[in-house]
Amino acid sequence: MTQAPADAATRRAVAPVICYPNDTLPVPDLGLYRAAREGAAKVAEVAVEPREAACFRVGAGQFFRISSVEGPQVGDLNLWNADDLSERFYSGKTRALHGTHVTTGERLWSSFPHLRPMATIIADTLDWYGIDEYGGSVHDVIGTRCDPYTGNLLSGVQYHHCCHSNLTRALADELGVSLADAEPHVHDVLNVFMCTGFTRDTGQYFMKASPVRPGDYLEFFAEIDLLGALSACPGGDCSSEHTSDTAACFPLLVEVFAPAEGALGDWQSPPRNGYDRSHGR
């Protein structure tokens, strides 16, 4: 190990600076969204079976709710622009703008060159959890998704019901394309209901039993036309198993709601990012 410099303690004591101060971000009109939600009617629902994934579609200006319905279960969520799959949820930038975990009033942002809000969280029944003594919290954008490649790398296994594979199968079926064509569109997720953080001593990603129980939900307002895919993780509540057939797993429910005509007033979908894409040339 390299010998620490004489001023090591002073260097460590330098105060942090927030990389992306978010006080100039556009503020969602939660009052408008919630008022529109009050009179909204359910127009669709999709059941996501344990260790499987399912796709759903939500129009701009509609709402979707992800619920725990039978037992503690976490879910891995992908979102795309329904008309252009190259615009998809960007977990890394969402993390940079809002933090490691998201909750009410925060947004899921899309990939470059679009970088605009795709969905706004309008309700979170787990917002009481906060940040626990281990640094854990709920609904993270720091994990990726359980996948067969890492499983093979670490354990030499061939496991096909991890969230990456679940999402790949669901998207392939939804689009009517091959697994090979669908897989490149699957991306880093919002880990709905999952309780995670980083260890203080080694900086490693950890999980612990999700506090979610039947009846809990996370609800969103769709800022653009969305195609979504949700996987009911094979880890169940992720209290001990991450990818296996032994964890107790339960279904999840996605419900879509359409507001009454005129309930959103003159609301419009956010435009794509205004950067001119000249990149200095």
# chains A, B, ... in the order shown; residues from 1 in each chain; ligands from 1
>>> select_by_dssp(residues="stretch 200-270 of chain A", states="strand (DSSP E)", output="VMD selection string")
chain A and resid 205 to 208 217 to 222 226 to 232 252 to 258
>>> write_last_selection(atoms="C-alpha atoms", output="mmCIF file, in the first residue's frame")
data_model
loop_
_atom_site.group_PDB
_atom_site.id
_atom_site.type_symbol
_atom_site.label_atom_id
_atom_site.label_comp_id
_atom_site.auth_asym_id
_atom_site.auth_seq_id
_atom_site.Cartn_x
_atom_site.Cartn_y
_atom_site.Cartn_z
ATOM 1 C CA TYR A 205 -23.417 -2.535 -3.003
ATOM 2 C CA PHE A 206 -25.634 -4.268 -0.441
ATOM 3 C CA MET A 207 -29.247 -5.357 -0.215
ATOM 4 C CA LYS A 208 -31.461 -6.133 2.738
ATOM 5 C CA TYR A 217 -47.157 1.075 -4.184
ATOM 6 C CA LEU A 218 -45.060 3.507 -6.177
ATOM 7 C CA GLU A 219 -47.049 5.702 -8.556
ATOM 8 C CA PHE A 220 -45.901 7.744 -11.546
ATOM 9 C CA PHE A 221 -47.148 10.377 -13.958
ATOM 10 C CA ALA A 222 -46.067 9.622 -17.533
ATOM 11 C CA LEU A 226 -44.002 5.118 -22.487
ATOM 12 C CA LEU A 227 -43.305 1.465 -23.046
ATOM 13 C CA GLY A 228 -42.414 -0.138 -19.736
ATOM 14 C CA ALA A 229 -41.166 -3.547 -18.658
ATOM 15 C CA LEU A 230 -41.184 -4.770 -15.066
ATOM 16 C CA SER A 231 -39.491 -7.898 -13.725
ATOM 17 C CA ALA A 232 -40.531 -9.575 -10.465
ATOM 18 C CA LEU A 252 -46.450 -7.483 -8.816
ATOM 19 C CA LEU A 253 -49.271 -5.459 -10.372
ATOM 20 C CA VAL A 254 -49.059 -2.563 -12.819
ATOM 21 C CA GLU A 255 -52.192 -0.427 -13.214
ATOM 22 C CA VAL A 256 -52.654 2.389 -15.731
ATOM 23 C CA PHE A 257 -55.041 5.302 -15.123
ATOM 24 C CA ALA A 258 -56.281 7.961 -17.562
#
>>> closest_residue(among="A:Cys238, A:Ala13, A:Val48, A:Leu85", to="A:Ser67", atoms="only C-alpha atoms")
A:Val48
>>> closest_residue(among="A:Ala54, A:Val138, A:Ile224, A:Cys249", to="A:Thr168", atoms="only C-alpha atoms")
A:Ala54
>>> atom_distance(atom1="atom CA of A:Val186", atom2="atom CA of A:Ser91")
12.2 Å
>>> closest_residue(among="A:Leu25, A:Ile18, A:Ala96, A:Thr120", to="A:Phe64", atoms="only C-alpha atoms")
A:Thr120
>>> atom_distance(atom1="atom CA of A:Glu106", atom2="atom CA of A:Gly135")
19.6 Å
>>> atom_distance(atom1="atom CA of A:Gly99", atom2="atom CA of A:Tyr33")
22.8 Å
>>> closest_residue(among="A:Arg277, A:His187, A:His160, A:His114", to="A:Gly92", atoms="only C-alpha atoms")
A:His187
>>> closest_residue(among="A:Tyr149, A:Phe56, A:Phe63, A:Tyr159", to="A:Ala119", atoms="only C-alpha atoms")
A:Phe63
>>> select_by_dssp(residues="stretch 12-194 of chain A", states="helix (DSSP H, G or I)", output="PyMOL selection string")
chain A and resi 12+30-38+91-98+148-155+163-175+179-185
>>> write_last_selection(atoms="N, CA and C atoms", output="tab-separated table (two decimals), in the first residue's frame")
chain	number	residue	atom	x	y	z
A	12	ARG	N	-8.51	14.42	3.43
A	12	ARG	CA	-9.77	13.71	3.65
A	12	ARG	C	-10.84	14.63	4.23
A	30	LEU	N	-46.91	18.94	-8.83
A	30	LEU	CA	-47.53	17.80	-8.16
A	30	LEU	C	-48.99	18.07	-7.81
A	31	GLY	N	-49.31	19.32	-7.54
A	31	GLY	CA	-50.70	19.66	-7.26
A	31	GLY	C	-51.60	19.37	-8.44
A	32	LEU	N	-51.16	19.75	-9.63
A	32	LEU	CA	-51.91	19.48	-10.85
A	32	LEU	C	-52.02	17.97	-11.09
A	33	TYR	N	-50.90	17.27	-10.97
A	33	TYR	CA	-50.90	15.84	-11.23
A	33	TYR	C	-51.83	15.11	-10.26
A	34	ARG	N	-51.76	15.47	-9.00
A	34	ARG	CA	-52.58	14.77	-8.01
A	34	ARG	C	-54.06	15.08	-8.19
A	35	ALA	N	-54.37	16.31	-8.57
A	35	ALA	CA	-55.77	16.65	-8.81
A	35	ALA	C	-56.30	15.86	-10.01
A	36	ALA	N	-55.49	15.73	-11.05
A	36	ALA	CA	-55.90	14.94	-12.21
A	36	ALA	C	-56.03	13.46	-11.86
A	37	ARG	N	-55.17	13.01	-10.98
A	37	ARG	CA	-55.21	11.59	-10.58
A	37	ARG	C	-56.48	11.27	-9.81
A	38	GLU	N	-57.01	12.23	-9.07
A	38	GLU	CA	-58.20	11.99	-8.27
A	38	GLU	C	-59.37	11.51	-9.12
A	91	SER	N	-30.52	5.65	-15.66
A	91	SER	CA	-30.43	5.56	-14.20
A	91	SER	C	-29.27	6.37	-13.66
A	92	GLY	N	-28.14	6.37	-14.39
A	92	GLY	CA	-26.97	7.10	-13.91
A	92	GLY	C	-27.21	8.59	-13.78
A	93	LYS	N	-27.85	9.20	-14.77
A	93	LYS	CA	-28.12	10.64	-14.69
A	93	LYS	C	-29.22	10.93	-13.68
A	94	THR	N	-30.19	10.03	-13.56
A	94	THR	CA	-31.21	10.19	-12.53
A	94	THR	C	-30.56	10.18	-11.15
A	95	ARG	N	-29.61	9.29	-10.96
A	95	ARG	CA	-28.86	9.22	-9.70
A	95	ARG	C	-28.07	10.50	-9.46
A	96	ALA	N	-27.43	11.01	-10.51
A	96	ALA	CA	-26.63	12.22	-10.35
A	96	ALA	C	-27.49	13.43	-10.01
A	97	LEU	N	-28.70	13.47	-10.54
A	97	LEU	CA	-29.57	14.62	-10.31
A	97	LEU	C	-30.35	14.54	-9.00
A	98	HIS	N	-30.75	13.33	-8.60
A	98	HIS	CA	-31.63	13.20	-7.43
A	98	HIS	C	-31.00	12.46	-6.25
A	148	PRO	N	-27.55	-12.97	-16.18
A	148	PRO	CA	-26.92	-14.27	-16.29
A	148	PRO	C	-25.42	-14.20	-16.53
A	149	TYR	N	-24.94	-13.07	-17.00
A	149	TYR	CA	-23.51	-12.93	-17.30
A	149	TYR	C	-22.69	-12.83	-16.03
A	150	THR	N	-23.16	-12.02	-15.08
A	150	THR	CA	-22.46	-11.92	-13.80
A	150	THR	C	-22.57	-13.23	-13.03
A	151	GLY	N	-23.74	-13.89	-13.11
A	151	GLY	CA	-23.89	-15.18	-12.46
A	151	GLY	C	-22.91	-16.20	-13.00
A	152	ASN	N	-22.73	-16.19	-14.32
A	152	ASN	CA	-21.78	-17.12	-14.92
A	152	ASN	C	-20.35	-16.76	-14.54
A	153	LEU	N	-20.05	-15.47	-14.49
A	153	LEU	CA	-18.71	-15.01	-14.13
A	153	LEU	C	-18.34	-15.42	-12.72
A	154	LEU	N	-19.26	-15.23	-11.77
A	154	LEU	CA	-18.95	-15.47	-10.37
A	154	LEU	C	-19.18	-16.91	-9.93
A	155	SER	N	-20.16	-17.58	-10.54
A	155	SER	CA	-20.52	-18.91	-10.05
A	155	SER	C	-20.54	-19.99	-11.13
A	163	CYS	N	-33.42	-10.86	-13.72
A	163	CYS	CA	-34.20	-9.74	-14.26
A	163	CYS	C	-33.77	-9.35	-15.67
A	164	HIS	N	-32.48	-9.40	-15.98
A	164	HIS	CA	-32.04	-9.06	-17.33
A	164	HIS	C	-32.70	-9.98	-18.36
A	165	SER	N	-32.68	-11.27	-18.10
A	165	SER	CA	-33.28	-12.22	-19.03
A	165	SER	C	-34.79	-12.10	-19.05
A	166	ASN	N	-35.39	-11.88	-17.89
A	166	ASN	CA	-36.85	-11.67	-17.84
A	166	ASN	C	-37.25	-10.49	-18.71
A	167	LEU	N	-36.55	-9.37	-18.56
A	167	LEU	CA	-36.86	-8.18	-19.33
A	167	LEU	C	-36.63	-8.40	-20.82
A	168	THR	N	-35.58	-9.15	-21.15
A	168	THR	CA	-35.29	-9.44	-22.55
A	168	THR	C	-36.42	-10.25	-23.18
A	169	ARG	N	-36.87	-11.28	-22.48
A	169	ARG	CA	-37.97	-12.10	-23.02
A	169	ARG	C	-39.24	-11.28	-23.19
A	170	ALA	N	-39.56	-10.48	-22.17
A	170	ALA	CA	-40.79	-9.69	-22.23
A	170	ALA	C	-40.76	-8.68	-23.37
A	171	LEU	N	-39.63	-8.02	-23.55
A	171	LEU	CA	-39.54	-7.03	-24.61
A	171	LEU	C	-39.59	-7.70	-25.98
A	172	ALA	N	-38.91	-8.83	-26.13
A	172	ALA	CA	-38.94	-9.56	-27.40
A	172	ALA	C	-40.38	-9.94	-27.75
A	173	ASP	N	-41.13	-10.42	-26.77
A	173	ASP	CA	-42.52	-10.79	-27.02
A	173	ASP	C	-43.37	-9.58	-27.37
A	174	GLU	N	-43.16	-8.48	-26.65
A	174	GLU	CA	-43.95	-7.28	-26.89
A	174	GLU	C	-43.72	-6.72	-28.29
A	175	LEU	N	-42.47	-6.73	-28.74
A	175	LEU	CA	-42.13	-6.14	-30.03
A	175	LEU	C	-42.21	-7.15	-31.18
A	179	LEU	N	-34.79	-12.57	-29.36
A	179	LEU	CA	-34.10	-12.22	-28.11
A	179	LEU	C	-32.84	-11.41	-28.41
A	180	ALA	N	-32.14	-11.77	-29.47
A	180	ALA	CA	-30.90	-11.05	-29.82
A	180	ALA	C	-31.18	-9.60	-30.19
A	181	ASP	N	-32.33	-9.35	-30.82
A	181	ASP	CA	-32.67	-7.98	-31.18
A	181	ASP	C	-33.20	-7.19	-29.99
A	182	ALA	N	-33.86	-7.88	-29.07
A	182	ALA	CA	-34.43	-7.19	-27.91
A	182	ALA	C	-33.38	-6.86	-26.86
A	183	GLU	N	-32.42	-7.76	-26.66
A	183	GLU	CA	-31.50	-7.62	-25.52
A	183	GLU	C	-30.75	-6.29	-25.46
A	184	PRO	N	-30.27	-5.73	-26.58
A	184	PRO	CA	-29.53	-4.47	-26.48
A	184	PRO	C	-30.36	-3.29	-25.95
A	185	HIS	N	-31.67	-3.42	-25.98
A	185	HIS	CA	-32.52	-2.34	-25.47
A	185	HIS	C	-32.72	-2.40	-23.96
>>> residues_around(residues="A:Glu241", least_positions_apart="6", cutoff="10 Å", atoms="only C-alpha atoms", output="ChimeraX atom specification")
/A:207-209,234-235,247-248
>>> residues_around(residues="A:Cys233", least_positions_apart="4", cutoff="9 Å", atoms="only C-alpha atoms", output="PyMOL selection string")
chain A and resi 50-53+73-76+145-146+161-163+166+237-238+242-243+249-250
>>> closest_residue(among="A:Ser137, A:Ser68, A:Ser210, A:Asn273", to="A:Pro117", atoms="only C-alpha atoms")
A:Asn273
>>> decode(residues="stretch 250-261 of chain A", atoms="all heavy atoms", output="compact mmCIF listing (two decimals), in the first residue's frame")
# COMPACT_ATOMS: atom_id res chain seq x y z
N PHE A 250 -43.22 -13.32 -5.24
CA PHE A 250 -44.63 -12.98 -5.35
C PHE A 250 -44.87 -12.12 -6.59
O PHE A 250 -43.95 -11.49 -7.10
CB PHE A 250 -45.09 -12.23 -4.09
CG PHE A 250 -44.90 -13.01 -2.82
CD1 PHE A 250 -43.73 -12.86 -2.08
CD2 PHE A 250 -45.87 -13.88 -2.38
CE1 PHE A 250 -43.54 -13.59 -0.91
CE2 PHE A 250 -45.69 -14.61 -1.21
CZ PHE A 250 -44.53 -14.46 -0.48
N PRO A 251 -46.09 -12.05 -7.06
CA PRO A 251 -46.38 -11.21 -8.22
C PRO A 251 -46.39 -9.73 -7.87
O PRO A 251 -46.50 -9.34 -6.71
CB PRO A 251 -47.77 -11.68 -8.65
CG PRO A 251 -48.39 -12.19 -7.40
CD PRO A 251 -47.28 -12.80 -6.61
N LEU A 252 -46.28 -8.92 -8.91
CA LEU A 252 -46.45 -7.48 -8.82
C LEU A 252 -47.58 -7.09 -9.77
O LEU A 252 -47.90 -7.81 -10.72
CB LEU A 252 -45.17 -6.75 -9.20
CG LEU A 252 -43.97 -6.94 -8.27
CD1 LEU A 252 -42.70 -6.36 -8.89
CD2 LEU A 252 -44.23 -6.28 -6.90
N LEU A 253 -48.16 -5.94 -9.54
CA LEU A 253 -49.27 -5.46 -10.37
C LEU A 253 -48.95 -4.07 -10.90
O LEU A 253 -48.52 -3.19 -10.14
CB LEU A 253 -50.57 -5.41 -9.55
CG LEU A 253 -51.80 -4.90 -10.29
CD1 LEU A 253 -52.22 -5.88 -11.40
CD2 LEU A 253 -52.96 -4.68 -9.31
N VAL A 254 -49.16 -3.88 -12.20
CA VAL A 254 -49.06 -2.56 -12.82
C VAL A 254 -50.46 -2.14 -13.25
O VAL A 254 -51.14 -2.88 -13.98
CB VAL A 254 -48.12 -2.57 -14.04
CG1 VAL A 254 -48.04 -1.17 -14.66
CG2 VAL A 254 -46.74 -3.07 -13.67
N GLU A 255 -50.90 -0.98 -12.82
CA GLU A 255 -52.19 -0.43 -13.21
C GLU A 255 -51.97 0.91 -13.91
O GLU A 255 -51.12 1.70 -13.51
CB GLU A 255 -53.09 -0.22 -11.99
CG GLU A 255 -53.41 -1.50 -11.24
CD GLU A 255 -54.07 -1.21 -9.91
OE1 GLU A 255 -53.36 -0.82 -8.97
OE2 GLU A 255 -55.30 -1.36 -9.82
N VAL A 256 -52.75 1.15 -14.96
CA VAL A 256 -52.65 2.39 -15.73
C VAL A 256 -53.97 3.15 -15.58
O VAL A 256 -55.06 2.56 -15.71
CB VAL A 256 -52.37 2.09 -17.21
CG1 VAL A 256 -52.29 3.39 -18.02
CG2 VAL A 256 -51.08 1.28 -17.36
N PHE A 257 -53.87 4.46 -15.35
CA PHE A 257 -55.04 5.30 -15.12
C PHE A 257 -55.01 6.49 -16.07
O PHE A 257 -53.96 7.13 -16.26
CB PHE A 257 -55.07 5.82 -13.68
CG PHE A 257 -55.07 4.73 -12.64
CD1 PHE A 257 -53.86 4.20 -12.18
CD2 PHE A 257 -56.25 4.25 -12.11
CE1 PHE A 257 -53.85 3.19 -11.21
CE2 PHE A 257 -56.24 3.26 -11.14
CZ PHE A 257 -55.05 2.73 -10.70
N ALA A 258 -56.16 6.81 -16.66
CA ALA A 258 -56.28 7.96 -17.56
C ALA A 258 -57.09 9.05 -16.88
O ALA A 258 -58.19 8.79 -16.36
CB ALA A 258 -56.96 7.55 -18.86
N PRO A 259 -56.59 10.29 -16.87
CA PRO A 259 -57.34 11.38 -16.23
C PRO A 259 -58.55 11.78 -17.08
O PRO A 259 -58.63 11.48 -18.27
CB PRO A 259 -56.31 12.51 -16.17
CG PRO A 259 -55.40 12.25 -17.32
CD PRO A 259 -55.31 10.75 -17.44
N ALA A 260 -59.48 12.46 -16.45
CA ALA A 260 -60.65 12.97 -17.16
C ALA A 260 -60.23 14.02 -18.19
O ALA A 260 -59.20 14.69 -18.04
CB ALA A 260 -61.65 13.56 -16.16
N GLU A 261 -61.02 14.15 -19.21
CA GLU A 261 -60.76 15.15 -20.25
C GLU A 261 -60.61 16.54 -19.63
O GLU A 261 -61.45 16.98 -18.85
CB GLU A 261 -61.92 15.16 -21.25
CG GLU A 261 -61.70 16.05 -22.46
CD GLU A 261 -60.70 15.48 -23.44
OE1 GLU A 261 -60.54 14.25 -23.48
OE2 GLU A 261 -60.07 16.29 -24.16
